[in-house]
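Some notes on the structure that comes next.
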Amino acid sequence: MDNRFQSIRGFNDIFFPESYKLQSIEDTAVRYFNLYNFREIRTPLLEKTDLFVRSIGTSTDIVEKEMYTFEDSGGESLSLRPEGTASAVRAYLEHSIDKQDPVQKWFYRGPMFRHERPQKGRFRQFYQAGCESLGIADPFIDVEIIKLADTIINALPVRGITIRINSIGCPECRPGYIKVLKSYLGTIKESLCDDCKRRIDTNPLRVLDCKKQGCIAATANAPKTTDYLCGDCSAHFNTVKTGLDGLRLSFLTDPRLVRGLDYYSRTVFEFTAEDAGAQNAVLAGGRYDYLVELFGGTHTPAIGFAMGIERIAGLIDMPSTQGPDVFIIPLTEESKQKALAIALLLRRGGRTCETGFGEKTLKSMMRRADKLQSFSVAIIGNDELKEGYVTLKRLSDGHQEKIKDADIVNAVQSIKA
Ligand code: HAM
């Protein structure tokens with residue numbers, strides 16, 4: 001009987017160099033989050049189920065079908081986080097941060113969990129890097145946030161991305177739109193999937209977010225959110241568009257873009273990769289001016305986005321990886337202590353190195369150095385030990401020098417130059 005364990009479907013082990021690629025994407029995002037003066041928050045992976053139900057919405061795909069929910073031994077319903085915004089807002093209120101300074105700029109990165117059908121670009125555990133700007137209603141914040149997203153995407157670099165934006169209004173104007181949408185959907189009900197038929201009554205806006213081809217075709221002429229915005233929402237949206245134009249950022253106004261989570265209001269946006277198939281949203285976000293209020297706080301406008309790290313990884317080439325600068329070869333038992341000291345010197349000097357402790361012979365250590373694509377080897381035998389030097393050899397051309405121990409960092413630098 002085979003008693004080896006296997007990972008759960010949709011939960012992946014990620015090895016080098018793929019892990020290095022994901023790390024590079026996250027590092028790039030974090031670099032720009034910092035430049036834009038966002039500060040990191042780390043929130044738990046597990047939260048009370050109700051936190052997500054109330055913010056994301058009961059009749060959304062995430063809450064209806066995709067949450068990993070269980071009862072703990074105390075009978076409390078808990079869920080693995082499917083996204084990061086709800087936790088950020090919970091933390092904002094729980095720690096009374098709104099009272100100290102309502103304007104906060106936060107970023108986060110880490111795994112999210114959704115029980116979706118795994119396919120290319122869709123996993124059950126996936127990684128997001130995201131940011132949230134709380135406390136400011138000015139549409140120029142929307143412009144700045146969309147520009148931040150665009151800067152990260154371009155720095156990676158990901159090409160062939162379309163920025164889609166829309167405005168879905170506010171509690172003032174959305175009910176009027178929903179009424180018109182509902183009666184329109186009633187006329188095309190028979191062409192909709194079963195989920196969407198049900199949603200005409202429970203959450204009609206979600207019908208526009210359905211990814212099924214039949215529903216997309218059937219709703220092609222649905223009324224547009226932007227035709228029903230109130231004066232304030234309309235002015236807000238116009239300023240966002242003018243601000244993006246002013247930055248020469250090209251975007252599409254997409255009347256179908258309503259997002260799959262209920263907490264949004266006004267500006268919503270998505271970055272899509274045109275040739276990435278069905279799972280083509282690599283980054284998405286929007287305003288959620290009423291979520292803090294919904295959680296019991298005072299009115300606090302907010303906006304943010306999250307990017308799907310694996311989806312972006314699928315669009316970029318593997319960054320080139322290099323072997324260590326030096327592979328250290330201790331030829332005798334006695335030279336191992338010195339090998340360690342030289343390794344420490346190199347690492348302190350910012351040089352990557354590897355030690356040959358696992359191998360027994362010069363030949364096997366040279367083979368290992370080659371396999372690791374090491375730039376050079378530092379050989380330490382009895383002479384080197386006695387006389388305080390190492391033999392440094394560049395592997396590309398065999399160039400070899402005796403280097404005094406204390407000079408090793410500079411010597412590696414000069415043979416690499
Ligand atoms: P979201 O659209 O649900 O928004 O997810 C953001 C991004 O996460 C998606 O565009 C996609 O790239 C990635 N993603 C989502 N599901 C999966 C999956 N199953 N597998 C791989 N990647 C996935 C949010 O999560 C909001 N919290 C964003 C936000 C922040 N809005 C305001 N602030």
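All residue names refer to the structure tokens as shown: chains lettered A, B, ... in order, residues numbered from 1 in each chain, ligands numbered from 1 in order.
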Which residues of chain A come within 8 Å of ligand 1, and for each one, what is the closest pair of atoms and their distance in Å to one decimal, counting only C-alpha atoms and all ligand atoms, sorted by chain and residue number, as a tab-separated table?
```
residue	atom	partner	partner_atom_place_in_ligand_line	distance
A:Pro82	CA	ligand 1	25 (O)	7.1
A:Glu83	CA	ligand 1	25 (O)	4.4
A:Gly84	CA	ligand 1	27 (N)	5.2
A:Thr85	CA	ligand 1	27 (N)	4.7
A:Ala86	CA	ligand 1	27 (N)	7.5
A:Phe113	CA	ligand 1	19 (N)	7.3
A:Arg114	CA	ligand 1	19 (N)	5.7
A:His115	CA	ligand 1	19 (N)	7.5
A:Glu116	CA	ligand 1	19 (N)	6.0
A:Pro118	CA	ligand 1	19 (N)	7.4
A:Gly121	CA	ligand 1	21 (C)	5.3
A:Arg122	CA	ligand 1	20 (N)	3.5
A:Phe123	CA	ligand 1	20 (N)	4.1
A:Arg124	CA	ligand 1	19 (N)	5.4
A:Gln125	CA	ligand 1	20 (N)	6.9
A:Phe126	CA	ligand 1	21 (C)	5.0
A:Tyr127	CA	ligand 1	22 (N)	6.8
A:Gln128	CA	ligand 1	8 (O)	5.9
A:Gly130	CA	ligand 1	30 (C)	6.0
A:Cys131	CA	ligand 1	30 (C)	6.3
A:Glu132	CA	ligand 1	33 (N)	5.5
A:Arg259	CA	ligand 1	2 (O)	6.8
A:Gly260	CA	ligand 1	3 (O)	6.7
A:Leu261	CA	ligand 1	3 (O)	7.0
A:Tyr264	CA	ligand 1	32 (C)	7.7
A:Glu270	CA	ligand 1	10 (O)	6.9
A:Phe271	CA	ligand 1	10 (O)	7.4
A:Gln279	CA	ligand 1	11 (C)	7.7
A:Asn280	CA	ligand 1	12 (O)	7.5
A:Ala281	CA	ligand 1	10 (O)	4.4
A:Val282	CA	ligand 1	12 (O)	3.6
A:Leu283	CA	ligand 1	10 (O)	3.9
A:Ala284	CA	ligand 1	10 (O)	4.6
A:Gly285	CA	ligand 1	31 (N)	3.6
A:Gly286	CA	ligand 1	32 (C)	5.0
A:Arg287	CA	ligand 1	32 (C)	6.4
A:Tyr288	CA	ligand 1	32 (C)	6.9
A:Ile303	CA	ligand 1	32 (C)	5.6
A:Gly304	CA	ligand 1	33 (N)	3.4
A:Phe305	CA	ligand 1	30 (C)	3.5
A:Ala306	CA	ligand 1	28 (C)	4.4
A:Met307	CA	ligand 1	7 (C)	4.7
A:Gly308	CA	ligand 1	12 (O)	3.3
A:Ile309	CA	ligand 1	12 (O)	6.9
A:Glu310	CA	ligand 1	21 (C)	6.2
A:Arg311	CA	ligand 1	12 (O)	5.7
A:Ile312	CA	ligand 1	12 (O)	7.4
```
For the contact check between segment 224-335 of chain A and segment 372-383 of chain A, emit one row per residue of segment 224-335 of chain A within 7 Å, containing the shortest atom pair and the distance in Å rounded to one decimal, counting only C-alpha atoms, chain then rising number order, as a tab-separated table.
```
residue	atom	partner	partner_atom	distance
A:Gly323	CA	A:Gln373	CA	4.7
A:Pro324	CA	A:Ser374	CA	4.9
A:Asp325	CA	A:Phe375	CA	4.9
A:Val326	CA	A:Ser376	CA	4.8
A:Phe327	CA	A:Val377	CA	4.6
A:Ile328	CA	A:Ala378	CA	4.7
A:Ile329	CA	A:Ile379	CA	4.7
A:Pro330	CA	A:Ile380	CA	4.9
A:Leu331	CA	A:Gly381	CA	4.9
A:Thr332	CA	A:Gly381	CA	6.2
A:Ser335	CA	A:Ile380	CA	6.2
```
Tell me which protein, DNA and RNA residues are within 7 Å of Glu401 of chain A, counting only C-alpha atoms, leaving out same-chain ones fewer than 3 positions away, and put them as a compact mmCIF listing (two decimals) with N, CA and C atoms, in the first residue's frame.
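So the final result, stored in result13.txt, reads:
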```txt
# COMPACT_ATOMS: atom_id res chain seq x y z
N THR A 391 42.82 29.51 -2.55
CA THR A 391 43.04 29.50 -4.00
C THR A 391 41.69 29.75 -4.67
N LEU A 392 41.58 30.90 -5.30
CA LEU A 392 40.30 31.28 -5.92
C LEU A 392 40.37 31.03 -7.42
N LYS A 393 39.41 30.25 -7.92
CA LYS A 393 39.46 29.88 -9.35
C LYS A 393 38.14 30.24 -10.01
```
Name the residues in contact with Gly243 of chain A at a cut-off of 10 Å, using only C-alpha atoms, excluding same-chain residues fewer than 5 positions from it; report them as a ChimeraX atom specification. /A:139-144,147,237-238,248-249
Selected residues written out, C-alpha atoms, as a compact mmCIF listing (two decimals), in the first residue's frame:
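Saved the output as part-v3.txt:
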```
# COMPACT_ATOMS: atom_id res chain seq x y z
CA PRO A 139 -11.31 61.10 -6.83
CA PHE A 140 -7.64 61.94 -7.28
CA ILE A 141 -6.92 59.17 -4.76
CA ASP A 142 -8.64 56.79 -7.19
CA VAL A 143 -6.37 58.10 -9.96
CA GLU A 144 -3.28 57.70 -7.78
CA LYS A 147 -1.58 54.67 -11.38
CA PHE A 237 -16.30 59.40 -12.11
CA ASN A 238 -15.61 62.22 -14.58
CA ARG A 248 -1.81 59.59 -20.25
CA LEU A 249 -3.02 56.29 -18.88
```
Tell me which protein, DNA and RNA residues are within 9 Å of Leu148 of chain A, counting only C-alpha atoms, leaving out same-chain ones fewer than 6 positions away, and put them as a list in words.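 My list of contacting residues is Tyr32, Phe33 and Tyr36 of chain A.
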Determine, using only C-alpha atoms, which residues of segment 13-52 of chain A have any atom at most 10 Å from an atom of segment 67-79 of chain A, and tabulate each with its shortest atom pair and distance in Å to one decimal place, rows ordered by chain and then rising number, as a tab-separated table.
```
residue	atom	partner	partner_atom	distance
A:Leu45	CA	A:Ser79	CA	8.4
A:Leu46	CA	A:Ser79	CA	5.7
A:Glu47	CA	A:Ser79	CA	5.6
A:Lys48	CA	A:Leu78	CA	4.5
A:Thr49	CA	A:Leu78	CA	4.8
A:Asp50	CA	A:Ser77	CA	8.0
A:Leu51	CA	A:Ser79	CA	9.1
A:Phe52	CA	A:Ser79	CA	8.2
```
Can you pull out every residue within 9 Å of His236 of chain A, counting only C-alpha atoms, but drop anything in the same chain fewer than 6 positions away, and send it as a list of chain:residue names? A:Asp138, A:Pro139, A:Ser167, A:Arg266, A:Thr267
I need the residues in segment 296-363 of chain A that are alpha helix (DSSP H) according to DSSP; give them as a list in words.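 Everything in segment 296-363 of chain A that counts as alpha helix (DSSP H) is Ile309, Glu310, Arg311, Ile312, Ala313, Lys336, Gln337, Lys338, Ala339, Leu340, Ala341, Ile342, Ala343, Leu344, Leu345, Leu346, Arg347, Arg348, Leu362 and Lys363 of chain A.
The closest residue to Ala155 of chain A, picked from A:Gln119, A:Ser24, A:Ser234, A:Thr187 and counting only C-alpha atoms, is A:Ser24.
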Of A:Ser59, A:Ser96, A:Thr253, A:Thr298, the one nearest to Arg198 of chain A when counting only C-alpha atoms is A:Ser59
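Considering only C-alpha atoms, the residue among A:Ile415, A:Leu22, A:Leu340, A:Ile152 positioned nearest to Leu35 of chain A is A:Ile152.
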For each of A:Lys189, A:Lys360, A:Arg348, A:Arg174, take the minimum atom-to-atom distance to Lys336 of chain A, counting only C-alpha atoms, then give the residue where this is smallest.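 Of all the options, A:Lys360 lies closest to Lys336 of chain A.
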Within segment 12-121 of chain A, find each residue whose DSSP state, derived from the backbone, is strand (DSSP E or B), and express the selection as a ChimeraX atom specification. /A:39-40,46-48,69-71,77-80,104-113,119
Please dump the current selection as a PDB file, in the first residue's frame; keep N, CA and C atoms.
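Once everything was written out, this is part-v7.pdb:
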```pdb
ATOM      1  N   ARG A  39       1.862  51.247   4.359  1.00  0.00           N
ATOM      2  CA  ARG A  39       2.535  50.496   5.426  1.00  0.00           C
ATOM      3  C   ARG A  39       1.957  49.094   5.510  1.00  0.00           C
ATOM      4  N   GLU A  40       2.801  48.133   5.824  1.00  0.00           N
ATOM      5  CA  GLU A  40       2.315  46.750   5.816  1.00  0.00           C
ATOM      6  C   GLU A  40       1.441  46.425   7.027  1.00  0.00           C
ATOM      7  N   LEU A  46      -7.423  33.243   9.338  1.00  0.00           N
ATOM      8  CA  LEU A  46      -8.722  32.726   9.751  1.00  0.00           C
ATOM      9  C   LEU A  46      -9.510  33.844  10.436  1.00  0.00           C
ATOM     10  N   GLU A  47     -10.775  33.965  10.054  1.00  0.00           N
ATOM     11  CA  GLU A  47     -11.629  34.995  10.654  1.00  0.00           C
ATOM     12  C   GLU A  47     -12.996  34.383  10.919  1.00  0.00           C
ATOM     13  N   LYS A  48     -13.818  35.121  11.664  1.00  0.00           N
ATOM     14  CA  LYS A  48     -15.199  34.673  11.848  1.00  0.00           C
ATOM     15  C   LYS A  48     -15.908  34.735  10.496  1.00  0.00           C
ATOM     16  N   THR A  69     -15.176  26.959   5.138  1.00  0.00           N
ATOM     17  CA  THR A  69     -15.821  27.285   6.407  1.00  0.00           C
ATOM     18  C   THR A  69     -15.924  26.035   7.263  1.00  0.00           C
ATOM     19  N   PHE A  70     -15.655  26.163   8.535  1.00  0.00           N
ATOM     20  CA  PHE A  70     -15.818  25.034   9.455  1.00  0.00           C
ATOM     21  C   PHE A  70     -16.135  25.552  10.854  1.00  0.00           C
ATOM     22  N   GLU A  71     -16.649  24.661  11.656  1.00  0.00           N
ATOM     23  CA  GLU A  71     -16.890  25.014  13.057  1.00  0.00           C
ATOM     24  C   GLU A  71     -15.695  24.594  13.879  1.00  0.00           C
ATOM     25  N   SER A  77     -18.331  29.430  13.916  1.00  0.00           N
ATOM     26  CA  SER A  77     -18.102  29.266  12.482  1.00  0.00           C
ATOM     27  C   SER A  77     -16.958  30.162  12.030  1.00  0.00           C
ATOM     28  N   LEU A  78     -15.890  29.544  11.503  1.00  0.00           N
ATOM     29  CA  LEU A  78     -14.710  30.272  11.052  1.00  0.00           C
ATOM     30  C   LEU A  78     -14.481  30.014   9.573  1.00  0.00           C
ATOM     31  N   SER A  79     -13.820  30.950   8.900  1.00  0.00           N
ATOM     32  CA  SER A  79     -13.513  30.747   7.477  1.00  0.00           C
ATOM     33  C   SER A  79     -12.095  31.201   7.175  1.00  0.00           C
ATOM     34  N   LEU A  80     -11.454  30.440   6.267  1.00  0.00           N
ATOM     35  CA  LEU A  80     -10.160  30.890   5.746  1.00  0.00           C
ATOM     36  C   LEU A  80     -10.430  32.124   4.902  1.00  0.00           C
ATOM     37  N   GLN A 104      -5.506  56.128   6.629  1.00  0.00           N
ATOM     38  CA  GLN A 104      -4.502  55.070   6.725  1.00  0.00           C
ATOM     39  C   GLN A 104      -4.234  54.499   5.343  1.00  0.00           C
ATOM     40  N   LYS A 105      -2.977  54.134   5.117  1.00  0.00           N
ATOM     41  CA  LYS A 105      -2.621  53.488   3.844  1.00  0.00           C
ATOM     42  C   LYS A 105      -1.889  52.194   4.176  1.00  0.00           C
ATOM     43  N   TRP A 106      -2.508  51.086   3.841  1.00  0.00           N
ATOM     44  CA  TRP A 106      -1.981  49.784   4.242  1.00  0.00           C
ATOM     45  C   TRP A 106      -1.754  48.896   3.020  1.00  0.00           C
ATOM     46  N   PHE A 107      -0.742  48.038   3.127  1.00  0.00           N
ATOM     47  CA  PHE A 107      -0.616  46.978   2.113  1.00  0.00           C
ATOM     48  C   PHE A 107      -0.440  45.634   2.799  1.00  0.00           C
ATOM     49  N   TYR A 108      -0.696  44.581   2.071  1.00  0.00           N
ATOM     50  CA  TYR A 108      -0.565  43.218   2.607  1.00  0.00           C
ATOM     51  C   TYR A 108      -0.217  42.284   1.466  1.00  0.00           C
ATOM     52  N   ARG A 109       0.302  41.137   1.827  1.00  0.00           N
ATOM     53  CA  ARG A 109       0.508  40.076   0.834  1.00  0.00           C
ATOM     54  C   ARG A 109       0.390  38.757   1.554  1.00  0.00           C
ATOM     55  N   GLY A 110      -0.051  37.754   0.829  1.00  0.00           N
ATOM     56  CA  GLY A 110      -0.187  36.457   1.475  1.00  0.00           C
ATOM     57  C   GLY A 110      -1.232  35.619   0.795  1.00  0.00           C
ATOM     58  N   PRO A 111      -1.414  34.398   1.330  1.00  0.00           N
ATOM     59  CA  PRO A 111      -2.352  33.469   0.693  1.00  0.00           C
ATOM     60  C   PRO A 111      -3.813  33.781   0.996  1.00  0.00           C
ATOM     61  N   MET A 112      -4.658  33.537   0.006  1.00  0.00           N
ATOM     62  CA  MET A 112      -6.113  33.651   0.132  1.00  0.00           C
ATOM     63  C   MET A 112      -6.677  32.288  -0.292  1.00  0.00           C
ATOM     64  N   PHE A 113      -7.909  32.009   0.098  1.00  0.00           N
ATOM     65  CA  PHE A 113      -8.458  30.661  -0.123  1.00  0.00           C
ATOM     66  C   PHE A 113      -9.869  30.738  -0.693  1.00  0.00           C
ATOM     67  N   GLN A 119      -8.192  25.494 -12.305  1.00  0.00           N
ATOM     68  CA  GLN A 119      -7.843  25.477 -13.725  1.00  0.00           C
ATOM     69  C   GLN A 119      -6.699  26.464 -13.909  1.00  0.00           C
TER      70      GLN A 119
END
```
Could you tell me which of A:Ile408, A:Cys196, A:Ala302, A:Leu257 comes closest to Thr60 of chain A if we count only C-alpha atoms?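 The closest residue to Thr60 of chain A is A:Cys196.
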Could you check how far atom CA of Glu94 of chain A sits from atom CA of Val53 of chain A, in Å to one decimal?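 Rounded to one decimal, the two atoms are 17.8 Å apart.
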Report, in Å to a single decimal, how far apart atom CA of Phe269 of chain A and atom CA of Asp101 of chain A are.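 About the pair atom CA of Asp101 of chain A and atom CA of Phe269 of chain A: they are 27.0 Å apart.
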Selected residue of minimal separation from Lys212 of chain A among A:Asn166, A:Ser191, A:Gln413, A:Thr43, counting only C-alpha atoms: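 Looking only at the distances to Lys212 of chain A, the closest residue turns out to be A:Ser191.
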